[in-house]
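Engineer: Sending over model.cif (mmCIF, C-alpha atoms).
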```
data_query
loop_
_atom_site.group_PDB
_atom_site.id
_atom_site.type_symbol
_atom_site.label_atom_id
_atom_site.label_comp_id
_atom_site.auth_asym_id
_atom_site.auth_seq_id
_atom_site.Cartn_x
_atom_site.Cartn_y
_atom_site.Cartn_z
ATOM 1 C CA MET A 1 -93.218 8.602 -33.062
ATOM 2 C CA ALA A 2 -90.662 7.636 -30.437
ATOM 3 C CA GLY A 3 -88.240 6.183 -33.002
ATOM 4 C CA ILE A 4 -87.705 2.896 -31.154
ATOM 5 C CA ASP A 5 -86.512 -0.003 -33.317
ATOM 6 C CA PRO A 6 -88.616 -3.102 -32.417
ATOM 7 C CA ALA A 7 -85.609 -5.323 -33.158
ATOM 8 C CA VAL A 8 -83.773 -3.803 -30.202
ATOM 9 C CA LEU A 9 -86.578 -4.929 -27.890
ATOM 10 C CA ASP A 10 -86.038 -8.547 -28.926
ATOM 11 C CA ALA A 11 -82.292 -8.507 -28.217
ATOM 12 C CA PRO A 12 -81.442 -10.110 -24.829
ATOM 13 C CA ALA A 13 -79.097 -7.261 -23.881
ATOM 14 C CA GLY A 14 -80.715 -4.588 -26.042
ATOM 15 C CA ARG A 15 -80.813 -0.986 -24.878
ATOM 16 C CA VAL A 16 -83.220 1.763 -25.891
ATOM 17 C CA GLU A 17 -81.904 5.318 -25.658
ATOM 18 C CA THR A 18 -83.230 7.138 -22.619
ATOM 19 C CA GLU A 19 -84.462 10.029 -24.784
ATOM 20 C CA LYS A 20 -86.634 7.650 -26.829
ATOM 21 C CA ILE A 21 -88.159 6.111 -23.720
ATOM 22 C CA SER A 22 -89.054 9.580 -22.472
ATOM 23 C CA ARG A 23 -90.587 10.434 -25.843
ATOM 24 C CA LEU A 24 -92.668 7.252 -25.680
ATOM 25 C CA TRP A 25 -94.089 8.314 -22.317
ATOM 26 C CA GLU A 26 -94.819 11.787 -23.670
ATOM 27 C CA LEU A 27 -96.772 10.254 -26.550
ATOM 28 C CA ALA A 28 -98.629 7.920 -24.184
ATOM 29 C CA ALA A 29 -99.745 10.822 -22.005
ATOM 30 C CA GLU A 30 -100.723 12.941 -25.004
ATOM 31 C CA ARG A 31 -102.678 10.276 -26.870
ATOM 32 C CA SER A 32 -104.391 8.796 -23.821
ATOM 33 C CA GLY A 33 -105.327 12.191 -22.462
ATOM 34 C CA ASN A 34 -104.388 10.785 -19.039
ATOM 35 C CA PRO A 35 -101.606 12.708 -17.264
ATOM 36 C CA ALA A 36 -101.528 9.962 -14.588
ATOM 37 C CA ILE A 37 -101.002 7.130 -17.090
ATOM 38 C CA GLY A 38 -97.739 6.159 -15.369
ATOM 39 C CA ILE A 39 -99.686 4.883 -12.346
ATOM 40 C CA ALA A 40 -102.774 3.648 -14.198
ATOM 41 C CA GLN A 41 -101.876 -0.060 -13.759
ATOM 42 C CA PRO A 42 -100.076 -0.285 -10.391
ATOM 43 C CA HIS A 43 -100.819 -4.001 -9.883
ATOM 44 C CA VAL A 44 -99.616 -5.368 -13.230
ATOM 45 C CA VAL A 45 -96.122 -6.364 -12.112
ATOM 46 C CA ARG A 46 -94.421 -9.761 -12.225
ATOM 47 C CA ALA A 47 -90.880 -11.059 -11.799
ATOM 48 C CA ALA A 48 -90.362 -10.871 -15.569
ATOM 49 C CA SER A 49 -90.704 -7.086 -15.283
ATOM 50 C CA PHE A 50 -87.282 -7.098 -13.593
ATOM 51 C CA ASP A 51 -85.659 -9.758 -15.800
ATOM 52 C CA VAL A 52 -83.229 -12.065 -13.968
ATOM 53 C CA VAL A 53 -82.948 -9.437 -11.222
ATOM 54 C CA GLY A 54 -86.576 -10.091 -10.307
ATOM 55 C CA TYR A 55 -85.942 -13.773 -9.649
ATOM 56 C CA ALA A 56 -82.853 -12.934 -7.590
ATOM 57 C CA MET A 57 -85.012 -10.579 -5.511
ATOM 58 C CA MET A 58 -87.788 -13.140 -5.058
ATOM 59 C CA SER A 59 -85.478 -15.731 -3.512
ATOM 60 C CA CYS A 60 -84.110 -13.310 -0.913
ATOM 61 C CA ALA A 61 -84.956 -13.584 2.774
ATOM 62 C CA ASP A 62 -86.775 -10.232 2.996
ATOM 63 C CA LEU A 63 -87.544 -7.002 1.110
ATOM 64 C CA ARG A 64 -84.483 -5.196 2.473
ATOM 65 C CA THR A 65 -82.202 -7.854 1.012
ATOM 66 C CA ALA A 66 -84.266 -7.822 -2.191
ATOM 67 C CA PHE A 67 -83.631 -4.094 -2.615
ATOM 68 C CA GLU A 68 -79.926 -4.668 -1.988
ATOM 69 C CA ARG A 69 -79.954 -7.197 -4.853
ATOM 70 C CA LEU A 70 -81.808 -4.727 -7.061
ATOM 71 C CA ILE A 71 -79.219 -2.028 -6.388
ATOM 72 C CA ARG A 72 -76.351 -4.462 -6.982
ATOM 73 C CA TYR A 73 -77.669 -5.647 -10.353
ATOM 74 C CA LEU A 74 -79.420 -2.479 -11.499
ATOM 75 C CA LEU A 75 -77.177 -2.165 -14.542
ATOM 76 C CA ILE A 76 -78.883 -5.237 -16.024
ATOM 77 C CA LEU A 77 -82.119 -3.233 -16.153
ATOM 78 C CA SER A 78 -80.836 0.245 -17.012
ATOM 79 C CA ASP A 79 -77.641 2.224 -17.481
ATOM 80 C CA THR A 80 -79.428 5.558 -16.898
ATOM 81 C CA PHE A 81 -80.700 4.786 -13.413
ATOM 82 C CA THR A 82 -79.013 4.920 -10.012
ATOM 83 C CA MET A 83 -80.477 3.894 -6.662
ATOM 84 C CA SER A 84 -79.449 3.888 -3.012
ATOM 85 C CA MET A 85 -81.040 2.711 0.236
ATOM 86 C CA ASN A 86 -80.370 4.009 3.724
ATOM 87 C CA GLU A 87 -81.823 3.326 7.142
ATOM 88 C CA GLU A 88 -83.820 6.320 8.313
ATOM 89 C CA GLY A 89 -85.711 6.528 11.583
ATOM 90 C CA GLY A 90 -88.002 3.550 11.782
ATOM 91 C CA GLY A 91 -87.566 2.462 8.183
ATOM 92 C CA TYR A 92 -85.535 2.406 5.003
ATOM 93 C CA ARG A 93 -85.513 5.163 2.398
ATOM 94 C CA VAL A 94 -84.940 4.229 -1.231
ATOM 95 C CA VAL A 95 -83.737 7.151 -3.379
ATOM 96 C CA PHE A 96 -83.285 7.003 -7.134
ATOM 97 C CA VAL A 97 -82.038 9.266 -9.907
ATOM 98 C CA LEU A 98 -83.006 8.817 -13.548
ATOM 99 C CA PHE A 99 -80.838 10.387 -16.240
ATOM 100 C CA GLY A 100 -82.651 11.634 -19.322
ATOM 101 C CA GLY A 101 -79.761 12.517 -21.618
ATOM 102 C CA ASN A 102 -80.694 15.390 -23.903
ATOM 103 C CA ARG A 103 -84.427 15.263 -23.135
ATOM 104 C CA PRO A 104 -86.309 16.127 -19.926
ATOM 105 C CA VAL A 105 -87.803 13.014 -18.351
ATOM 106 C CA PRO A 106 -91.610 13.258 -18.117
ATOM 107 C CA ARG A 107 -93.199 12.704 -14.750
ATOM 108 C CA GLN A 108 -95.152 9.722 -16.074
ATOM 109 C CA ARG A 109 -91.914 7.781 -16.529
ATOM 110 C CA VAL A 110 -90.780 8.421 -12.957
ATOM 111 C CA GLU A 111 -94.216 7.690 -11.522
ATOM 112 C CA PHE A 112 -94.306 4.396 -13.418
ATOM 113 C CA ILE A 113 -91.005 3.403 -11.778
ATOM 114 C CA VAL A 114 -92.414 4.200 -8.323
ATOM 115 C CA ALA A 115 -95.623 2.252 -9.015
ATOM 116 C CA THR A 116 -93.628 -0.676 -10.400
ATOM 117 C CA LEU A 117 -91.370 -0.859 -7.337
ATOM 118 C CA ILE A 118 -94.364 -0.841 -4.995
ATOM 119 C CA GLY A 119 -96.282 -3.358 -7.090
ATOM 120 C CA PHE A 120 -93.341 -5.736 -7.163
ATOM 121 C CA CYS A 121 -92.920 -5.484 -3.374
ATOM 122 C CA ARG A 122 -96.568 -6.451 -2.930
ATOM 123 C CA TRP A 123 -96.322 -9.308 -5.391
ATOM 124 C CA ILE A 124 -93.235 -11.023 -3.978
ATOM 125 C CA SER A 125 -94.259 -10.465 -0.342
ATOM 126 C CA GLY A 126 -97.844 -11.626 -0.820
ATOM 127 C CA ARG A 127 -98.911 -8.742 1.427
ATOM 128 C CA ASP A 128 -100.411 -5.309 0.942
ATOM 129 C CA VAL A 129 -97.073 -3.555 1.362
ATOM 130 C CA HIS A 130 -97.048 0.147 0.716
ATOM 131 C CA PRO A 131 -94.546 2.896 1.557
ATOM 132 C CA VAL A 132 -94.873 5.094 4.616
ATOM 133 C CA ALA A 133 -94.247 8.117 2.394
ATOM 134 C CA ILE A 134 -93.237 9.042 -1.150
ATOM 135 C CA GLU A 135 -91.402 12.104 -2.464
ATOM 136 C CA LEU A 136 -91.723 13.303 -6.070
ATOM 137 C CA PRO A 137 -89.981 16.366 -7.559
ATOM 138 C CA PHE A 138 -93.042 17.501 -9.546
ATOM 139 C CA PRO A 139 -95.852 19.951 -8.813
ATOM 140 C CA ALA A 140 -98.983 18.479 -7.276
ATOM 141 C CA PRO A 141 -101.406 17.394 -10.035
ATOM 142 C CA ALA A 142 -104.917 18.790 -10.325
ATOM 143 C CA ASP A 143 -106.384 15.352 -9.598
ATOM 144 C CA LEU A 144 -104.852 13.522 -6.629
ATOM 145 C CA ASP A 145 -107.216 10.529 -6.665
ATOM 146 C CA PRO A 146 -105.047 8.304 -8.947
ATOM 147 C CA TYR A 147 -102.126 8.824 -6.562
ATOM 148 C CA ARG A 148 -104.188 7.889 -3.515
ATOM 149 C CA VAL A 149 -105.356 4.695 -5.239
ATOM 150 C CA ALA A 150 -101.925 3.688 -6.559
ATOM 151 C CA PHE A 151 -99.715 4.594 -3.586
ATOM 152 C CA LEU A 152 -101.951 4.349 -0.467
ATOM 153 C CA CYS A 153 -99.642 6.702 1.434
ATOM 154 C CA PRO A 154 -98.838 10.420 1.738
ATOM 155 C CA VAL A 155 -97.062 11.895 -1.293
ATOM 156 C CA THR A 156 -94.910 15.014 -1.005
ATOM 157 C CA PHE A 157 -94.750 16.899 -4.303
ATOM 158 C CA ASP A 158 -92.160 19.541 -5.258
ATOM 159 C CA ALA A 159 -89.657 17.459 -3.279
ATOM 160 C CA PRO A 160 -85.882 17.695 -3.894
ATOM 161 C CA ARG A 161 -85.637 14.011 -4.889
ATOM 162 C CA ASN A 162 -87.423 10.806 -5.882
ATOM 163 C CA SER A 163 -87.775 8.598 -2.830
ATOM 164 C CA LEU A 164 -89.854 5.933 -1.113
ATOM 165 C CA LEU A 165 -89.785 5.355 2.644
ATOM 166 C CA PHE A 166 -90.682 1.829 3.778
ATOM 167 C CA ALA A 167 -91.398 0.722 7.348
ATOM 168 C CA LYS A 168 -88.684 -1.417 8.904
ATOM 169 C CA ALA A 169 -91.216 -4.139 9.766
ATOM 170 C CA ASP A 170 -92.252 -4.453 6.106
ATOM 171 C CA MET A 171 -88.645 -4.592 4.959
ATOM 172 C CA ALA A 172 -87.715 -7.236 7.550
ATOM 173 C CA ALA A 173 -90.727 -9.566 7.112
ATOM 174 C CA ALA A 174 -89.842 -12.941 5.586
ATOM 175 C CA LEU A 175 -90.723 -13.427 1.918
ATOM 176 C CA PRO A 176 -92.856 -16.485 1.049
ATOM 177 C CA THR A 177 -90.678 -16.994 -2.036
ATOM 178 C CA SER A 178 -87.433 -17.039 -0.022
ATOM 179 C CA ASN A 179 -85.132 -19.923 -0.889
ATOM 180 C CA PRO A 180 -81.434 -19.873 0.110
ATOM 181 C CA GLN A 181 -80.433 -22.438 -2.540
ATOM 182 C CA LEU A 182 -82.261 -20.573 -5.308
ATOM 183 C CA ALA A 183 -80.903 -17.261 -4.001
ATOM 184 C CA GLU A 184 -77.346 -18.539 -4.496
ATOM 185 C CA LEU A 185 -78.193 -19.838 -7.980
ATOM 186 C CA HIS A 186 -79.966 -16.646 -9.051
ATOM 187 C CA GLU A 187 -77.177 -14.473 -7.705
ATOM 188 C CA ARG A 188 -74.574 -16.425 -9.654
ATOM 189 C CA PHE A 189 -76.697 -16.209 -12.802
ATOM 190 C CA ALA A 190 -77.293 -12.473 -12.314
ATOM 191 C CA GLY A 191 -73.568 -11.941 -11.814
ATOM 192 C CA GLU A 192 -72.793 -13.759 -15.067
ATOM 193 C CA TYR A 193 -75.516 -11.825 -16.889
ATOM 194 C CA LEU A 194 -74.135 -8.568 -15.533
ATOM 195 C CA ARG A 195 -70.872 -9.243 -17.344
ATOM 196 C CA HIS A 196 -72.743 -8.713 -20.638
ATOM 197 C CA PHE A 197 -72.675 -5.030 -19.713
ATOM 198 C CA ASP A 198 -69.028 -4.766 -18.685
ATOM 199 C CA HIS A 199 -68.333 -2.299 -21.499
ATOM 200 C CA THR A 200 -70.326 0.362 -19.637
ATOM 201 C CA ARG A 201 -69.981 -0.836 -16.086
ATOM 202 C CA THR A 202 -67.065 1.281 -14.888
ATOM 203 C CA SER A 203 -68.483 4.617 -16.046
ATOM 204 C CA TYR A 204 -71.908 3.613 -14.742
ATOM 205 C CA ARG A 205 -70.569 2.642 -11.319
ATOM 206 C CA ALA A 206 -68.360 5.732 -11.161
ATOM 207 C CA ARG A 207 -71.344 7.946 -11.959
ATOM 208 C CA GLU A 208 -73.291 6.259 -9.144
ATOM 209 C CA VAL A 209 -70.542 7.177 -6.688
ATOM 210 C CA ILE A 210 -70.336 10.733 -8.025
ATOM 211 C CA VAL A 211 -74.107 11.287 -7.688
ATOM 212 C CA ARG A 212 -74.086 9.921 -4.141
ATOM 213 C CA HIS A 213 -71.208 12.120 -2.963
ATOM 214 C CA LEU A 214 -71.802 15.421 -4.778
ATOM 215 C CA PRO A 215 -73.792 17.005 -1.908
ATOM 216 C CA ASP A 216 -70.673 16.530 0.253
ATOM 217 C CA GLY A 217 -68.517 18.447 -2.228
ATOM 218 C CA GLU A 218 -66.762 17.597 -5.471
ATOM 219 C CA PRO A 219 -65.597 13.965 -5.186
ATOM 220 C CA ARG A 220 -61.954 13.391 -6.079
ATOM 221 C CA ARG A 221 -60.929 10.757 -8.589
ATOM 222 C CA ASP A 222 -58.896 8.819 -6.024
ATOM 223 C CA GLU A 223 -61.922 8.728 -3.683
ATOM 224 C CA VAL A 224 -64.172 7.336 -6.421
ATOM 225 C CA ALA A 225 -61.519 4.796 -7.437
ATOM 226 C CA GLY A 226 -61.166 3.682 -3.823
ATOM 227 C CA GLU A 227 -64.907 3.160 -3.449
ATOM 228 C CA LEU A 228 -64.862 1.088 -6.645
ATOM 229 C CA ALA A 229 -62.030 -1.016 -5.177
ATOM 230 C CA MET A 230 -59.530 -0.138 -7.904
ATOM 231 C CA SER A 231 -56.487 2.044 -8.269
ATOM 232 C CA GLU A 232 -56.757 5.547 -9.665
ATOM 233 C CA ARG A 233 -54.747 4.473 -12.716
ATOM 234 C CA THR A 234 -57.070 1.508 -13.351
ATOM 235 C CA LEU A 235 -60.122 3.770 -13.143
ATOM 236 C CA GLN A 236 -58.541 6.161 -15.602
ATOM 237 C CA ARG A 237 -57.658 3.345 -18.021
ATOM 238 C CA ARG A 238 -61.124 1.784 -17.913
ATOM 239 C CA LEU A 239 -62.836 5.098 -18.461
ATOM 240 C CA GLU A 240 -60.546 5.751 -21.436
ATOM 241 C CA GLU A 241 -61.606 2.363 -22.844
ATOM 242 C CA GLU A 242 -65.189 3.619 -22.604
ATOM 243 C CA ASN A 243 -64.224 6.810 -24.477
ATOM 244 C CA THR A 244 -64.509 9.117 -21.502
ATOM 245 C CA SER A 245 -62.457 10.391 -18.566
ATOM 246 C CA TYR A 246 -63.136 11.164 -14.932
ATOM 247 C CA VAL A 247 -63.221 14.897 -15.621
ATOM 248 C CA GLU A 248 -65.706 14.415 -18.468
ATOM 249 C CA LEU A 249 -67.854 12.031 -16.413
ATOM 250 C CA LEU A 250 -67.980 14.409 -13.447
ATOM 251 C CA ASP A 251 -68.726 17.405 -15.642
ATOM 252 C CA GLY A 252 -71.400 15.600 -17.665
ATOM 253 C CA THR A 253 -73.109 14.277 -14.543
ATOM 254 C CA ARG A 254 -73.142 17.736 -12.996
ATOM 255 C CA ARG A 255 -74.442 19.307 -16.201
ATOM 256 C CA GLU A 256 -77.430 16.972 -16.459
ATOM 257 C CA LEU A 257 -78.242 17.241 -12.769
ATOM 258 C CA ALA A 258 -78.002 21.032 -13.044
ATOM 259 C CA GLY A 259 -80.655 20.982 -15.778
ATOM 260 C CA GLN A 260 -82.884 18.943 -13.466
ATOM 261 C CA TYR A 261 -82.298 21.025 -10.336
ATOM 262 C CA LEU A 262 -82.808 24.337 -12.110
ATOM 263 C CA GLY A 263 -86.137 22.989 -13.344
ATOM 264 C CA ARG A 264 -87.280 22.585 -9.733
ATOM 265 C CA LEU A 265 -88.495 26.010 -8.790
ATOM 266 C CA GLN A 266 -88.708 25.093 -5.104
ATOM 267 C CA LEU A 267 -84.890 24.785 -4.991
ATOM 268 C CA SER A 268 -82.965 28.019 -4.569
ATOM 269 C CA LEU A 269 -79.899 28.592 -6.723
ATOM 270 C CA ALA A 270 -77.762 28.217 -3.598
ATOM 271 C CA GLN A 271 -79.358 24.834 -2.853
ATOM 272 C CA ALA A 272 -78.778 23.687 -6.433
ATOM 273 C CA ALA A 273 -75.115 24.697 -6.189
ATOM 274 C CA TYR A 274 -74.798 22.760 -2.910
ATOM 275 C CA LEU A 275 -76.407 19.594 -4.337
ATOM 276 C CA LEU A 276 -73.969 19.738 -7.261
ATOM 277 C CA GLY A 277 -70.968 19.907 -4.942
ATOM 278 C CA PHE A 278 -69.828 23.432 -5.784
ATOM 279 C CA ALA A 279 -67.929 25.269 -3.077
ATOM 280 C CA ASP A 280 -69.710 28.536 -3.829
ATOM 281 C CA GLN A 281 -72.324 30.046 -6.143
ATOM 282 C CA SER A 282 -69.731 31.795 -8.282
ATOM 283 C CA SER A 283 -68.290 28.409 -9.319
ATOM 284 C CA PHE A 284 -71.802 27.230 -10.173
ATOM 285 C CA PHE A 285 -72.372 30.443 -12.153
ATOM 286 C CA ARG A 286 -69.222 29.875 -14.235
ATOM 287 C CA ALA A 287 -70.124 26.241 -14.873
ATOM 288 C CA CYS A 288 -73.624 27.161 -16.099
ATOM 289 C CA LYS A 289 -72.192 29.789 -18.426
ATOM 290 C CA ARG A 290 -69.935 27.098 -19.880
ATOM 291 C CA TRP A 291 -72.698 24.452 -20.103
ATOM 292 C CA PHE A 292 -75.657 26.513 -21.236
ATOM 293 C CA ASP A 293 -74.141 29.863 -22.259
ATOM 294 C CA LEU A 294 -76.501 31.305 -19.625
ATOM 295 C CA SER A 295 -76.309 32.085 -15.919
ATOM 296 C CA PRO A 296 -78.238 29.783 -13.549
ATOM 297 C CA GLY A 297 -81.009 32.352 -13.172
ATOM 298 C CA GLN A 298 -81.256 32.933 -16.920
ATOM 299 C CA TYR A 299 -81.389 29.198 -17.614
ATOM 300 C CA ARG A 300 -84.135 28.739 -15.014
ATOM 301 C CA ASN A 301 -86.132 31.599 -16.543
ATOM 302 C CA GLN A 302 -85.755 29.981 -19.959
ATOM 303 C CA LEU A 303 -87.099 26.687 -18.570
ATOM 304 C CA VAL A 304 -90.073 28.506 -17.065
ATOM 305 C CA ARG A 305 -90.845 30.253 -20.369
ATOM 306 C CA GLN A 306 -90.673 26.889 -22.152
ATOM 307 C CA GLY A 307 -92.921 25.284 -19.553
ATOM 308 C CA ALA A 308 -90.157 22.915 -18.456
ATOM 309 C CA GLY A 309 -89.949 23.977 -14.820
ATOM 310 C CA VAL A 310 -91.905 20.979 -13.628
ATOM 311 C CA GLY A 311 -89.480 18.910 -11.635
ATOM 312 C CA GLY A 312 -86.602 17.710 -13.799
ATOM 313 C CA PHE A 313 -86.486 13.931 -13.445
#
```
Produce C-alpha cells that represent the structure in this file.
Structural biologist:
Amino acid sequence: MAGIDPAVLDAPAGRVETEKISRLWELAAERSGNPAIGIAQPHVVRAASFDVVGYAMMSCADLRTAFERLIRYLLILSDTFTMSMNEEGGGYRVVFVLFGGNRPVPRQRVEFIVATLIGFCRWISGRDVHPVAIELPFPAPADLDPYRVAFLCPVTFDAPRNSLLFAKADMAAALPTSNPQLAELHERFAGEYLRHFDHTRTSYRAREVIVRHLPDGEPRRDEVAGELAMSERTLQRRLEEENTSYVELLDGTRRELAGQYLGRLQLSLAQAAYLLGFADQSSFFRACKRWFDLSPGQYRNQLVRQGAGVGGF
C-alpha cells in the first residue's frame, strides 16, 4: 500500500509525503491496468480541487491573472511543486517542475496535473479552452487516443520539460466568474492561509528561484536573497531555522534534478550539465560521483537497466 495516513487527509494544512503520492499513482496504474489513468477523468475538476487558491483564481479578470494567482499561492497546494509562466510568441507558456524526493515520479501523476490544469481552465472560463501545445518528458505511449481525447492539442513527448502553451486570446478573455470585490477578499484570505505554511516558505521560495536560474549558471546566495527581497543574512538565518542552508538547498535541488535529467535519454550529458548550471562537464562528473558514487554515464546506464529511463518527473 501507499502508506498514507487517512487522518492527514482530514487536517486543514495536512501534507502527504511526495514519495507516498507517487506510490499511490503507481498502485492505481498497476491495479487498474490503465497506464493512462492520470488523464482518464479530464473533466472532473472544480474549484475545491484547488482549495482556497481555486476561488482566488475564479474571481480574477482572466486566465493569465488566474495563473499568476496560482503561482503566487502554490505553496498552499504543494511544497514539492514549482511553476512559472512566460510570454512566448503569440501565447503564454506555463512550465512546472515536480519534486519526487527519494522516489521517481510516475508519469500518471504528472499527466493528472496537466489534465487538472486544463480542466480547471475550461470550468472557470465556461469555454472549451485547450492548450496550443503540451510538452511531456516521457516516451510516447503505445496508445495515443486517451491523450487526443483529454488534451485536444499536439503533445510533444520526450521533451526536456513539463509545459503547456496557451493562446494569448484564451488567456486574455474575460472570466464569467470575475469579481473585483471577491478577488480582493479571496486574495486576502489566501494570503492569510499561506501563513500556515511559513515554516517551509523560505526554503520553498528559494528552491523556486534556484530551479528557475540554474540554466543560466549556478545562482549565488546574494542573488537568490535579492530576488526574495531579503538580505543575504536574513536568508541564511531563515534557512537555518528550517534546518538547512543555502549550500545544502542548492546541492539537494541539483541532485534531484540530476536524477530526473539523467533519466531522460533524449538529453545528452552535456545538456544535463548545462540545465543544472555547471560550468563544465567535469564539475558535473565530480558532483555525480559525490551524489551517486557513479559517473553520469554510469548512473544513466543503471537507470536504463532498472527500467527507470522514462522521463524523470
Engineer: So, counting all atoms listed in the file, which residue among A:Leu265, A:Leu144, A:Ala29, A:Met171 is closest to Glu68 in chain A?
Structural biologist: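 Nearest to Glu68 in chain A: A:Met171.
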Engineer: What are the closest atom pairs, with distances in Å to one decimal, for all residues of range 191-235 of chain A lying within 10 Å of range 86-102 of chain A? Consider all atoms listed in the file, order rows by chain and residue number, and present the result as JSON lines.
Structural biologist:
```
{"residue": "A:Glu208", "atom": "CA", "partner": "A:Val97", "partner_atom": "CA", "distance": 9.3}
{"residue": "A:Val211", "atom": "CA", "partner": "A:Val97", "partner_atom": "CA", "distance": 8.5}
{"residue": "A:Arg212", "atom": "CA", "partner": "A:Val97", "partner_atom": "CA", "distance": 9.8}
```
Engineer: Decode the PyMOL selection byres ((chain A and resi 175) around 10) for the given file into explicit residues and return them as number ranges by chain.
Structural biologist: A: 57-63, 66, 121, 124-127, 171-174, 176-179
Engineer: Find the residues of range 245-283 of chain A that sit at most 12 Å from range 104-110 of chain A; for each, write down the nearest two atoms and how far apart they are in Å, to one decimal. Count all atoms listed in the file. Sort by chain, then by number going up, and give it as CSV.
Structural biologist:
```
residue,atom,partner,partner_atom,distance
A:Glu256,CA,A:Pro104,CA,9.6
A:Leu257,CA,A:Pro104,CA,10.8
A:Ala258,CA,A:Pro104,CA,11.9
A:Gly259,CA,A:Pro104,CA,8.5
A:Gln260,CA,A:Pro104,CA,7.8
A:Tyr261,CA,A:Pro104,CA,11.5
A:Leu262,CA,A:Pro104,CA,11.9
A:Gly263,CA,A:Pro104,CA,9.5
```
Engineer: So what do you get for CA of Asn34 in chain A versus CA of Val129 in chain A, distance-wise?
Structural biologist: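 CA of Asn34 in chain A sits 26.0 Å away from CA of Val129 in chain A.
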Engineer: One decimal, Å: what's the distance from CA of Glu184 in chain A over to CA of Phe166 in chain A, could you say?
Structural biologist: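 About the pair CA of Glu184 in chain A and CA of Phe166 in chain A: they are 25.7 Å apart.
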Engineer: May I ask which of the residues A:Pro146, A:Gly3, A:Gly226, A:Gly119 is the closest one to Ala40 in chain A, counting all atoms listed in the file?
Structural biologist: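 Closest to Ala40 in chain A of all the choices is A:Pro146.
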Engineer: What separation in Å, quoted to one decimal, exists between CA of Ser245 in chain A and CA of Leu228 in chain A?
Structural biologist: 15.3 Å
